[in-house]
Amino acid sequence: MFRLEITAPQSKARAGVLSTDHGDIHTPIFMPVGTLGTVKTIRQQDLEDQINAEIILGNTYHLYLKPGLEVLERSGGLHAFMDWKRPILTDSGGYQVYSLTDIRKIKEEGVRFQSHIDGKHLLFTPENVMEIQKTIGADIVMAFDECTPYPCEKSYAERAMHRTHRWLDRCIEAFEPSGPYGHSQHFAGIVQGSVYSDLRRQSSEYIAKKELEINAIGGLSVGEPHPDLYAMTEVCTEILPASKPRYLMGVGTPANILECIDRGIDMFDCVLPTRNARHGLIYTWEGTINIKNAKWKNSLEPVDSTSNSPMSRRHTKAYLRHLFHSGEYLGPQMASFHNLSFYLELVRTARRHILEGNFSDWKKEVVPKLEKRL
RNA sequence: GGGGGUGCGCCGGAGUUGGAGAGCCGGGCCAGACUGUAAAUCUGGUGCUUCUAGCUGAAUAGGUUCGAUUCCUAUCACCCCCA
């Protein structure tokens with residue numbers, strides 16, 4: 001399923017190919033987030049033809065509530081429902097344990113959520129989360145875990161980690177690789193342990209022992225400082241097997257992504273390019289732009305002259321700013337299109353430099369620029 | 001031309017029956033935040049200054065009063081009615 005092509009010199013960065021029944025994924029890869037069966041504002045066709053996303057995310061908790069399993073099953077799964085032919089990875093709802101902390105209760109059996117839509121109680125267990133992801137028809141199925149917050153007391157982080165491990169065992173027991181729609185599913189376990197090296201080490205060893213197809217690192221990019229993010233990533237990639245893809249969940253900024261590729265990560269997902277786009281933040285190779293700022297009012301420069309998205313080369317900053325200030329739908333849409341194009345271009349370029357053997361030098365050169373504010 | 005009414009913030013509302021408030025609610029504007037999406041959302045600022053405080057301020061100019069956004073006079077602007 002995963003073929004490692006090359007490991008960069010003086011770095012843990014690697015390039016590989018992850019194969020699924022819906023197509024190959026060239027790593028390192030960025031996976032746009034499409035929580036509710038849509039990458040917000042972007043058509044599937046553009047995602048495929050223009051942005052060239054190789055895989056997108058869906059979310060178990062959200063899809064279970066809306067549109068619900070019945071129509072997904074009748075459609076033949078999420079791929080058919082949303083007409084997306086490439087791979088899909090579904091998050092298990094473990095992140096909602098963190099983000100919806102006020103409307104959930106954690107028990108050994110699972111997590112009881114009170115629906116944010118109608119207040120109904122629902123119990124998510126490792127077993128039924130595997131079942132739901134089967135019905136959704138994801139190519140990559142995530143273990144049900146608990147994403148701990150930051151900051152997090154060590155004693156709590158440790159208890160939560162052990163519970164996540166117990167849940168992992170139950171997920172493995174419940175998971176079946178043969179999905180209901182004729183394509184096979186792949187399972188990923190998740191390392192936890194907050195920002196504590198010894199817990200991260202312990203969790204990585206626990207996950208590694210299971211010899212899963214994909215190993216993920218969760219519970220990061222929840223507000224901890226970047227040095228902690230990098231340090232914890234390094235601790236985990238040191239232990240998680242090199243022969244299997246490593247997925248760093250929820251990361252991150254362009255600089256985060258390059259730094260973590262450098263530390264041996266193969267897969268990323270993050271809401272930043274799409275959410276920030278809707279809020280007017282544009283990512284470029286020269287740094288980030290808040291397109292709503294007054295300084296762009298009369299700028300007839302292209303949004304991004306180096307973008308591989310024709311739209312960003314054709315339209316001016318002044319125009320995009322105007323769209324935002326007028327509340328026009330095209331603003332957030334163009335910005336999302338641009339940012340996703342940029343993120344995919346970012347990882348493709350990283351991959352190219354890994355294959356060329358000069359990833360580290362290239363990374364050192366571009367990261368300071370990426371972190372600039374224009 | 002005659003009669004009536006209304007004027008405070010960048011805009012729209014609310015409110016002030018002589019003891020003000022640099023002040024309420026929206027919007028706009030200026031910024032900021034956002035990392036496995038309860039997010040096209042949220043937060044802060046938006047008269048001036050030497051800024052833990054002070055100053056100026058209710059169309060404009062006067063007047064009455066201990067005290068005026070409030071009462072009086074004139075002027076200006078806008079709205080309504082009549083010619």
# chains A, B, ... in the order shown; residues from 1 in each chain; ligands from 1

call {"tool": "interface_residues", "arguments": {"of": "chain A", "to": "chain B", "cutoff": "6 Å", "atoms": "only C-alpha atoms (C1' of nucleotides)", "output": "list in words"}}
result
Tyr95, Ser221, Met249, Gly250, Val251, Gly252, Cys270 and Arg278 of chain A

call {"tool": "residues_around", "arguments": {"residues": "A20 of chain B", "least_positions_apart": "5", "cutoff": "12 Å", "atoms": "only C-alpha atoms (C1' of nucleotides)", "output": "compact mmCIF listing (two decimals) with C-alpha atoms (C1' of nucleotides), in the first residue's frame"}}
result
# COMPACT_ATOMS: atom_id res chain seq x y z
C1' C B 8 -25.77 65.18 18.58
C1' G B 57 -18.76 68.37 22.20
C1' A B 58 -25.81 67.73 20.77
C1' G B 67 -26.84 74.47 35.76
C1' A B 68 -29.00 73.94 28.73
C1' U B 69 -28.81 68.41 24.20
C1' U B 70 -33.52 69.98 26.65

call {"tool": "select_by_dssp", "arguments": {"residues": "segment 86-299 of chain A", "states": "alpha helix (DSSP H)", "output": "VMD selection string"}}
result
chain A and resid 94 to 99 126 to 136 154 to 174 197 to 209 226 to 239 254 to 262 272 to 278

call {"tool": "write_last_selection", "arguments": {"atoms": "C-alpha atoms", "output": "PDB file, in the first residue's frame"}}
result
ATOM      1  CA  GLY A  94     -11.794  12.399  18.056  1.00  0.00           C
ATOM      2  CA  TYR A  95     -11.199  16.048  17.275  1.00  0.00           C
ATOM      3  CA  GLN A  96     -14.789  16.857  18.272  1.00  0.00           C
ATOM      4  CA  VAL A  97     -14.014  15.385  21.688  1.00  0.00           C
ATOM      5  CA  TYR A  98     -11.689  18.396  21.928  1.00  0.00           C
ATOM      6  CA  SER A  99     -13.546  21.084  19.961  1.00  0.00           C
ATOM      7  CA  PRO A 126     -14.740   2.746  18.974  1.00  0.00           C
ATOM      8  CA  GLU A 127     -16.985   0.049  17.539  1.00  0.00           C
ATOM      9  CA  ASN A 128     -19.739   2.215  16.089  1.00  0.00           C
ATOM     10  CA  VAL A 129     -17.260   4.798  14.825  1.00  0.00           C
ATOM     11  CA  MET A 130     -15.654   2.027  12.725  1.00  0.00           C
ATOM     12  CA  GLU A 131     -19.132   1.061  11.557  1.00  0.00           C
ATOM     13  CA  ILE A 132     -20.039   4.655  10.617  1.00  0.00           C
ATOM     14  CA  GLN A 133     -16.808   5.130   8.684  1.00  0.00           C
ATOM     15  CA  LYS A 134     -17.554   1.917   6.849  1.00  0.00           C
ATOM     16  CA  THR A 135     -20.957   3.261   5.832  1.00  0.00           C
ATOM     17  CA  ILE A 136     -19.404   6.557   4.772  1.00  0.00           C
ATOM     18  CA  LYS A 154       0.341  15.468  32.657  1.00  0.00           C
ATOM     19  CA  SER A 155      -1.727  13.162  34.837  1.00  0.00           C
ATOM     20  CA  TYR A 156      -4.753  13.798  32.638  1.00  0.00           C
ATOM     21  CA  ALA A 157      -2.756  13.485  29.401  1.00  0.00           C
ATOM     22  CA  GLU A 158      -1.531  10.104  30.601  1.00  0.00           C
ATOM     23  CA  ARG A 159      -4.983   8.823  31.540  1.00  0.00           C
ATOM     24  CA  ALA A 160      -6.418  10.046  28.233  1.00  0.00           C
ATOM     25  CA  MET A 161      -3.565   8.443  26.315  1.00  0.00           C
ATOM     26  CA  HIS A 162      -4.142   5.056  27.934  1.00  0.00           C
ATOM     27  CA  ARG A 163      -7.858   5.301  27.215  1.00  0.00           C
ATOM     28  CA  THR A 164      -7.067   6.154  23.584  1.00  0.00           C
ATOM     29  CA  HIS A 165      -4.848   3.047  23.505  1.00  0.00           C
ATOM     30  CA  ARG A 166      -7.657   0.872  24.876  1.00  0.00           C
ATOM     31  CA  TRP A 167     -10.009   2.382  22.308  1.00  0.00           C
ATOM     32  CA  LEU A 168      -7.424   1.639  19.606  1.00  0.00           C
ATOM     33  CA  ASP A 169      -7.498  -2.046  20.503  1.00  0.00           C
ATOM     34  CA  ARG A 170     -11.276  -2.026  20.217  1.00  0.00           C
ATOM     35  CA  CYS A 171     -11.088  -0.181  16.857  1.00  0.00           C
ATOM     36  CA  ILE A 172      -8.643  -2.744  15.503  1.00  0.00           C
ATOM     37  CA  GLU A 173     -10.974  -5.504  16.668  1.00  0.00           C
ATOM     38  CA  ALA A 174     -13.969  -3.867  14.962  1.00  0.00           C
ATOM     39  CA  SER A 197       8.017  13.489  25.467  1.00  0.00           C
ATOM     40  CA  ASP A 198       7.847  10.380  27.600  1.00  0.00           C
ATOM     41  CA  LEU A 199       4.121   9.981  26.934  1.00  0.00           C
ATOM     42  CA  ARG A 200       4.610  10.582  23.219  1.00  0.00           C
ATOM     43  CA  ARG A 201       7.366   7.965  23.199  1.00  0.00           C
ATOM     44  CA  GLN A 202       5.212   5.498  25.075  1.00  0.00           C
ATOM     45  CA  SER A 203       2.234   6.129  22.806  1.00  0.00           C
ATOM     46  CA  SER A 204       4.326   5.872  19.632  1.00  0.00           C
ATOM     47  CA  GLU A 205       5.691   2.538  20.788  1.00  0.00           C
ATOM     48  CA  TYR A 206       2.209   1.306  21.575  1.00  0.00           C
ATOM     49  CA  ILE A 207       0.901   2.314  18.153  1.00  0.00           C
ATOM     50  CA  ALA A 208       3.984   1.034  16.295  1.00  0.00           C
ATOM     51  CA  LYS A 209       3.592  -2.392  17.889  1.00  0.00           C
ATOM     52  CA  HIS A 226       5.670  25.744  17.583  1.00  0.00           C
ATOM     53  CA  PRO A 227       8.849  24.426  19.254  1.00  0.00           C
ATOM     54  CA  ASP A 228       6.648  21.963  21.196  1.00  0.00           C
ATOM     55  CA  LEU A 229       4.870  20.931  17.998  1.00  0.00           C
ATOM     56  CA  TYR A 230       8.198  20.247  16.306  1.00  0.00           C
ATOM     57  CA  ALA A 231       9.731  18.516  19.317  1.00  0.00           C
ATOM     58  CA  MET A 232       6.757  16.176  19.789  1.00  0.00           C
ATOM     59  CA  THR A 233       6.626  15.405  16.063  1.00  0.00           C
ATOM     60  CA  GLU A 234      10.286  14.478  16.187  1.00  0.00           C
ATOM     61  CA  VAL A 235       9.822  12.208  19.200  1.00  0.00           C
ATOM     62  CA  CYS A 236       7.040  10.349  17.375  1.00  0.00           C
ATOM     63  CA  THR A 237       8.669  10.034  13.954  1.00  0.00           C
ATOM     64  CA  GLU A 238      11.769   8.672  15.667  1.00  0.00           C
ATOM     65  CA  ILE A 239       9.705   5.659  16.746  1.00  0.00           C
ATOM     66  CA  PRO A 254       3.028  26.403   5.389  1.00  0.00           C
ATOM     67  CA  ALA A 255       6.117  26.699   7.613  1.00  0.00           C
ATOM     68  CA  ASN A 256       4.753  24.036  10.009  1.00  0.00           C
ATOM     69  CA  ILE A 257       4.288  21.684   7.082  1.00  0.00           C
ATOM     70  CA  LEU A 258       7.824  22.071   5.735  1.00  0.00           C
ATOM     71  CA  GLU A 259       9.322  21.746   9.219  1.00  0.00           C
ATOM     72  CA  CYS A 260       7.364  18.570   9.850  1.00  0.00           C
ATOM     73  CA  ILE A 261       8.130  17.084   6.429  1.00  0.00           C
ATOM     74  CA  ASP A 262      11.736  17.629   7.479  1.00  0.00           C
ATOM     75  CA  LEU A 272      -6.215  27.011   7.775  1.00  0.00           C
ATOM     76  CA  PRO A 273      -6.076  27.424   3.978  1.00  0.00           C
ATOM     77  CA  THR A 274      -9.862  27.300   3.673  1.00  0.00           C
ATOM     78  CA  ARG A 275     -10.993  28.949   6.895  1.00  0.00           C
ATOM     79  CA  ASN A 276      -8.420  31.714   6.716  1.00  0.00           C
ATOM     80  CA  ALA A 277      -9.298  32.238   3.060  1.00  0.00           C
ATOM     81  CA  ARG A 278     -12.896  32.915   4.042  1.00  0.00           C
TER      82      ARG A 278
END

call {"tool": "closest_residue", "arguments": {"among": "A:Asp266, A:Asp304, A:Asp83, A:Glu70", "to": "Phe30 of chain A", "atoms": "only C-alpha atoms"}}
result
A:Asp266

call {"tool": "select_by_dssp", "arguments": {"residues": "segment 79-272 of chain A", "states": "strand (DSSP E)", "output": "PyMOL selection string"}}
result
chain A and resi 88-91+104-106+111-114+121-124+140-142+186-191+214-217+246-248+267-270

call {"tool": "atom_distance", "arguments": {"atom1": "atom CA of Lys292 of chain A", "atom2": "atom CA of Arg321 of chain A"}}
result
5.2 Å

call {"tool": "closest_residue", "arguments": {"among": "A:Pro67, A:Gly189, A:Gly219, A:Gly280", "to": "Leu240 of chain A", "atoms": "only C-alpha atoms"}}
result
A:Gly189

call {"tool": "decode", "arguments": {"residues": "segment 22-63 of chain B", "atoms": "N, CA and C atoms (P, O5', C5', C4', C3', O3' and C1' of nucleotides)", "output": "short mmCIF file (atom, residue, chain, number, x, y, z; two decimals), in the first residue's frame"}}
result
data_model
loop_
_atom_site.label_atom_id
_atom_site.label_comp_id
_atom_site.auth_asym_id
_atom_site.auth_seq_id
_atom_site.Cartn_x
_atom_site.Cartn_y
_atom_site.Cartn_z
P A B 22 -18.94 62.27 29.87
"O5'" A B 22 -18.08 62.65 28.61
"C5'" A B 22 -17.18 61.73 28.07
"C4'" A B 22 -17.81 60.95 26.95
"C3'" A B 22 -16.88 59.88 26.42
"O3'" A B 22 -17.62 58.71 26.11
"C1'" A B 22 -17.51 61.34 24.66
P G B 23 -17.64 57.61 27.24
"O5'" G B 23 -18.79 56.68 26.71
"C5'" G B 23 -19.81 56.29 27.61
"C4'" G B 23 -21.12 56.17 26.90
"C3'" G B 23 -21.07 55.43 25.56
"O3'" G B 23 -21.11 54.03 25.79
"C1'" G B 23 -22.37 57.40 25.37
P C B 24 -21.19 53.03 24.53
"O5'" C B 24 -22.74 52.67 24.52
"C5'" C B 24 -23.34 52.09 25.68
"C4'" C B 24 -24.72 51.56 25.32
"C3'" C B 24 -24.77 50.80 24.01
"O3'" C B 24 -24.41 49.44 24.22
"C1'" C B 24 -26.51 52.38 24.04
P C B 25 -23.67 48.64 23.02
"O5'" C B 25 -24.88 48.37 22.01
"C5'" C B 25 -26.02 47.64 22.43
"C4'" C B 25 -26.97 47.51 21.27
"C3'" C B 25 -26.29 47.17 19.96
"O3'" C B 25 -26.03 45.78 19.86
"C1'" C B 25 -27.79 48.95 19.61
P G B 26 -24.84 45.27 18.94
"O5'" G B 26 -25.59 45.13 17.56
"C5'" G B 26 -25.22 45.92 16.54
"C4'" G B 26 -26.19 45.88 15.41
"C3'" G B 26 -25.43 46.06 14.12
"O3'" G B 26 -25.15 44.81 13.52
"C1'" G B 26 -26.89 47.88 14.43
P G B 27 -23.65 44.53 13.09
"O5'" G B 27 -23.43 45.50 11.84
"C5'" G B 27 -24.29 45.38 10.71
"C4'" G B 27 -24.23 46.61 9.85
"C3'" G B 27 -22.85 47.01 9.35
"O3'" G B 27 -22.43 46.21 8.27
"C1'" G B 27 -23.98 48.93 10.12
P G B 28 -20.90 45.89 8.06
"O5'" G B 28 -20.30 47.31 7.68
"C5'" G B 28 -20.67 47.94 6.46
"C4'" G B 28 -20.11 49.34 6.41
"C3'" G B 28 -18.60 49.44 6.51
"O3'" G B 28 -17.99 49.25 5.25
"C1'" G B 28 -19.57 50.97 8.01
P C B 29 -16.60 48.49 5.16
"O5'" C B 29 -15.60 49.49 5.90
"C5'" C B 29 -15.31 50.76 5.34
"C4'" C B 29 -14.52 51.58 6.33
"C3'" C B 29 -13.26 50.90 6.85
"O3'" C B 29 -12.18 51.08 5.95
"C1'" C B 29 -14.46 51.78 8.67
P C B 30 -11.06 49.97 5.88
"O5'" C B 30 -10.29 50.14 7.26
"C5'" C B 30 -9.61 51.36 7.56
"C4'" C B 30 -8.90 51.21 8.88
"C3'" C B 30 -8.13 49.91 9.03
"O3'" C B 30 -6.88 50.01 8.39
"C1'" C B 30 -9.41 50.30 10.98
P A B 31 -6.13 48.66 7.96
"O5'" A B 31 -5.63 48.12 9.37
"C5'" A B 31 -5.64 46.75 9.66
"C4'" A B 31 -5.41 46.60 11.14
"C3'" A B 31 -5.27 45.16 11.59
"O3'" A B 31 -3.94 44.73 11.44
"C1'" A B 31 -6.89 46.22 12.93
P G B 32 -3.69 43.23 10.91
"O5'" G B 32 -4.01 42.35 12.20
"C5'" G B 32 -3.31 42.55 13.41
"C4'" G B 32 -4.00 41.85 14.55
"C3'" G B 32 -4.24 40.36 14.34
"O3'" G B 32 -3.08 39.61 14.62
"C1'" G B 32 -6.21 41.35 15.15
P A B 33 -2.88 38.19 13.92
"O5'" A B 33 -3.94 37.25 14.67
"C5'" A B 33 -3.79 36.95 16.05
"C4'" A B 33 -5.00 36.20 16.53
"C3'" A B 33 -5.24 34.86 15.86
"O3'" A B 33 -4.49 33.86 16.51
"C1'" A B 33 -7.26 36.09 15.93
P C B 34 -3.88 32.64 15.63
"O5'" C B 34 -5.15 31.74 15.25
"C5'" C B 34 -5.97 31.16 16.26
"C4'" C B 34 -7.26 30.70 15.62
"C3'" C B 34 -7.04 29.56 14.62
"O3'" C B 34 -8.02 28.55 14.77
"C1'" C B 34 -8.13 31.38 13.57
P U B 35 -7.60 27.14 15.47
"O5'" U B 35 -6.64 26.43 14.40
"C5'" U B 35 -7.12 26.18 13.08
"C4'" U B 35 -6.30 25.06 12.46
"C3'" U B 35 -6.19 23.82 13.35
"O3'" U B 35 -6.18 22.63 12.56
"C1'" U B 35 -4.04 24.69 12.91
P G B 36 -7.43 22.22 11.62
"O5'" G B 36 -7.40 20.66 11.37
"C5'" G B 36 -7.64 19.74 12.44
"C4'" G B 36 -8.05 18.49 11.72
"C3'" G B 36 -9.44 18.01 12.12
"O3'" G B 36 -10.34 18.46 11.11
"C1'" G B 36 -7.81 16.33 12.54
P U B 37 -12.04 18.28 11.35
"O5'" U B 37 -12.42 19.51 12.30
"C5'" U B 37 -12.08 20.87 11.87
"C4'" U B 37 -13.14 21.79 12.38
"C3'" U B 37 -14.55 21.21 12.16
"O3'" U B 37 -15.47 21.58 13.15
"C1'" U B 37 -14.17 23.10 10.74
P A B 38 -15.79 21.55 14.48
"O5'" A B 38 -17.39 21.46 14.45
"C5'" A B 38 -18.13 22.07 15.46
"C4'" A B 38 -19.13 22.99 14.83
"C3'" A B 38 -18.62 24.44 14.81
"O3'" A B 38 -18.59 25.04 13.53
"C1'" A B 38 -20.69 24.23 15.99
P A B 39 -19.58 25.33 12.37
"O5'" A B 39 -19.10 26.76 11.88
"C5'" A B 39 -19.06 27.84 12.77
"C4'" A B 39 -18.48 29.05 12.11
"C3'" A B 39 -17.90 28.84 10.74
"O3'" A B 39 -18.16 30.00 9.99
"C1'" A B 39 -16.17 29.43 12.27
P A B 40 -18.37 30.04 8.44
"O5'" A B 40 -18.39 31.61 8.18
"C5'" A B 40 -17.21 32.38 8.20
"C4'" A B 40 -17.37 33.50 7.23
"C3'" A B 40 -18.75 34.18 7.32
"O3'" A B 40 -18.67 35.26 8.20
"C1'" A B 40 -18.26 33.58 5.07
P U B 41 -19.94 35.77 9.12
"O5'" U B 41 -19.60 35.28 10.59
"C5'" U B 41 -20.05 34.01 11.05
"C4'" U B 41 -19.14 33.51 12.14
"C3'" U B 41 -18.74 34.54 13.18
"O3'" U B 41 -19.74 34.68 14.17
"C1'" U B 41 -16.81 33.40 12.46
P C B 42 -19.94 36.09 14.95
"O5'" C B 42 -18.68 36.15 15.92
"C5'" C B 42 -18.54 35.21 16.98
"C4'" C B 42 -17.15 35.30 17.57
"C3'" C B 42 -16.72 36.67 18.08
"O3'" C B 42 -17.23 36.94 19.37
"C1'" C B 42 -14.98 35.77 16.77
P U B 43 -17.51 38.45 19.83
"O5'" U B 43 -16.03 39.01 20.09
"C5'" U B 43 -15.20 38.40 21.07
"C4'" U B 43 -13.84 39.06 21.07
"C3'" U B 43 -13.85 40.59 21.09
"O3'" U B 43 -14.06 41.10 22.39
"C1'" U B 43 -12.31 39.84 19.47
P G B 44 -14.72 42.57 22.57
"O5'" G B 44 -13.55 43.54 22.13
"C5'" G B 44 -12.39 43.68 22.93
"C4'" G B 44 -11.35 44.50 22.20
"C3'" G B 44 -11.78 45.91 21.80
"O3'" G B 44 -11.71 46.81 22.89
"C1'" G B 44 -10.68 44.89 19.99
P G B 45 -12.64 48.16 22.85
"O5'" G B 45 -11.97 49.03 21.70
"C5'" G B 45 -10.66 49.58 21.87
"C4'" G B 45 -10.22 50.23 20.59
"C3'" G B 45 -11.11 51.37 20.10
"O3'" G B 45 -10.80 52.58 20.76
"C1'" G B 45 -10.62 49.93 18.30
P U B 46 -11.97 53.65 20.97
"O5'" U B 46 -12.29 54.15 19.50
"C5'" U B 46 -11.29 54.85 18.74
"C4'" U B 46 -11.83 55.12 17.35
"C3'" U B 46 -13.16 55.84 17.30
"O3'" U B 46 -12.99 57.24 17.42
"C1'" U B 46 -13.19 54.02 15.80
P G B 47 -13.79 58.16 18.54
"O5'" G B 47 -13.38 59.67 18.24
"C5'" G B 47 -13.54 60.19 16.93
"C4'" G B 47 -13.32 61.69 16.99
"C3'" G B 47 -11.97 62.11 17.56
"O3'" G B 47 -10.99 62.16 16.56
"C1'" G B 47 -13.68 63.28 18.67
P C B 48 -9.51 61.67 16.90
"O5'" C B 48 -8.96 62.86 17.80
"C5'" C B 48 -8.77 64.17 17.24
"C4'" C B 48 -8.33 65.12 18.31
"C3'" C B 48 -7.15 64.66 19.15
"O3'" C B 48 -5.91 64.88 18.51
"C1'" C B 48 -8.83 65.48 20.58
P U B 49 -4.67 63.92 18.87
"O5'" U B 49 -4.29 64.37 20.34
"C5'" U B 49 -3.82 65.69 20.58
"C4'" U B 49 -3.62 65.91 22.06
"C3'" U B 49 -2.70 64.90 22.75
"O3'" U B 49 -1.35 65.27 22.57
"C1'" U B 49 -4.64 65.23 24.07
P U B 50 -0.24 64.13 22.62
"O5'" U B 50 0.07 63.99 24.19
"C5'" U B 50 1.03 63.04 24.63
"C4'" U B 50 1.22 63.17 26.13
"C3'" U B 50 -0.04 62.94 26.96
"O3'" U B 50 0.31 62.28 28.16
"C1'" U B 50 0.80 65.10 27.40
P C B 51 0.29 60.71 28.24
"O5'" C B 51 -1.28 60.40 28.36
"C5'" C B 51 -1.97 60.57 29.58
"C4'" C B 51 -3.15 59.63 29.62
"C3'" C B 51 -2.78 58.14 29.52
"O3'" C B 51 -3.61 57.38 30.37
"C1'" C B 51 -4.18 58.73 27.70
P U B 52 -3.01 56.80 31.77
"O5'" U B 52 -4.29 56.64 32.70
"C5'" U B 52 -5.46 55.94 32.26
"C4'" U B 52 -6.17 55.36 33.47
"C3'" U B 52 -6.41 56.37 34.60
"O3'" U B 52 -7.59 56.03 35.32
"C1'" U B 52 -4.96 54.66 35.37
P A B 53 -8.90 56.97 35.24
"O5'" A B 53 -8.35 58.43 34.96
"C5'" A B 53 -8.09 59.33 36.03
"C4'" A B 53 -7.37 60.53 35.49
"C3'" A B 53 -8.23 61.54 34.73
"O3'" A B 53 -8.91 62.43 35.62
"C1'" A B 53 -6.32 61.06 33.45
P G B 54 -10.27 63.18 35.14
"O5'" G B 54 -9.75 64.24 34.08
"C5'" G B 54 -9.04 65.40 34.51
"C4'" G B 54 -8.42 66.10 33.32
"C3'" G B 54 -9.38 66.79 32.37
"O3'" G B 54 -9.77 68.06 32.85
"C1'" G B 54 -7.82 65.54 31.12
P C B 55 -11.21 68.69 32.41
"O5'" C B 55 -10.94 69.02 30.88
"C5'" C B 55 -10.04 70.06 30.50
"C4'" C B 55 -9.94 70.13 29.00
"C3'" C B 55 -11.24 70.41 28.27
"O3'" C B 55 -11.55 71.80 28.26
"C1'" C B 55 -10.10 68.65 27.19
P U B 56 -13.11 72.26 28.30
"O5'" U B 56 -13.59 71.91 26.82
"C5'" U B 56 -13.17 72.72 25.73
"C4'" U B 56 -13.51 72.06 24.42
"C3'" U B 56 -14.99 71.81 24.16
"O3'" U B 56 -15.68 72.96 23.70
"C1'" U B 56 -13.77 69.87 23.63
P G B 57 -17.25 73.12 24.05
"O5'" G B 57 -17.88 71.86 23.29
"C5'" G B 57 -17.97 71.86 21.87
"C4'" G B 57 -18.59 70.56 21.40
"C3'" G B 57 -20.03 70.33 21.83
"O3'" G B 57 -20.92 70.98 20.94
"C1'" G B 57 -18.76 68.37 22.20
P A B 58 -22.41 71.26 21.40
"O5'" A B 58 -23.19 69.98 20.91
"C5'" A B 58 -23.26 69.66 19.51
"C4'" A B 58 -24.54 68.91 19.21
"C3'" A B 58 -25.81 69.71 19.50
"O3'" A B 58 -26.78 69.40 18.52
"C1'" A B 58 -25.81 67.73 20.77
P A B 59 -27.62 70.61 17.80
"O5'" A B 59 -26.54 71.11 16.75
"C5'" A B 59 -25.91 70.18 15.88
"C4'" A B 59 -25.52 70.91 14.59
"C3'" A B 59 -25.02 72.33 14.83
"O3'" A B 59 -23.62 72.32 15.05
"C1'" A B 59 -26.72 72.33 13.18
P U B 60 -23.00 73.25 16.18
"O5'" U B 60 -23.11 74.70 15.52
"C5'" U B 60 -22.29 75.05 14.41
"C4'" U B 60 -22.60 76.47 13.99
"C3'" U B 60 -22.61 77.48 15.14
"O3'" U B 60 -21.30 77.92 15.47
"C1'" U B 60 -24.54 77.78 13.82
P A B 61 -21.00 78.36 16.99
"O5'" A B 61 -21.75 79.76 17.09
"C5'" A B 61 -21.36 80.85 16.27
"C4'" A B 61 -22.27 82.03 16.51
"C3'" A B 61 -22.50 82.36 17.98
"O3'" A B 61 -21.42 83.08 18.52
"C1'" A B 61 -24.56 82.40 16.82
P G B 62 -21.29 83.23 20.12
"O5'" G B 62 -22.38 84.34 20.41
"C5'" G B 62 -23.10 84.33 21.63
"C4'" G B 62 -24.32 85.18 21.49
"C3'" G B 62 -25.17 85.24 22.75
"O3'" G B 62 -24.70 86.24 23.64
"C1'" G B 62 -26.54 84.61 20.94
P G B 63 -24.52 85.82 25.19
"O5'" G B 63 -26.02 85.69 25.68
"C5'" G B 63 -26.87 86.83 25.61
"C4'" G B 63 -28.31 86.43 25.80
"C3'" G B 63 -28.68 85.83 27.15
"O3'" G B 63 -28.80 86.81 28.16
"C1'" G B 63 -29.73 84.61 25.42
#
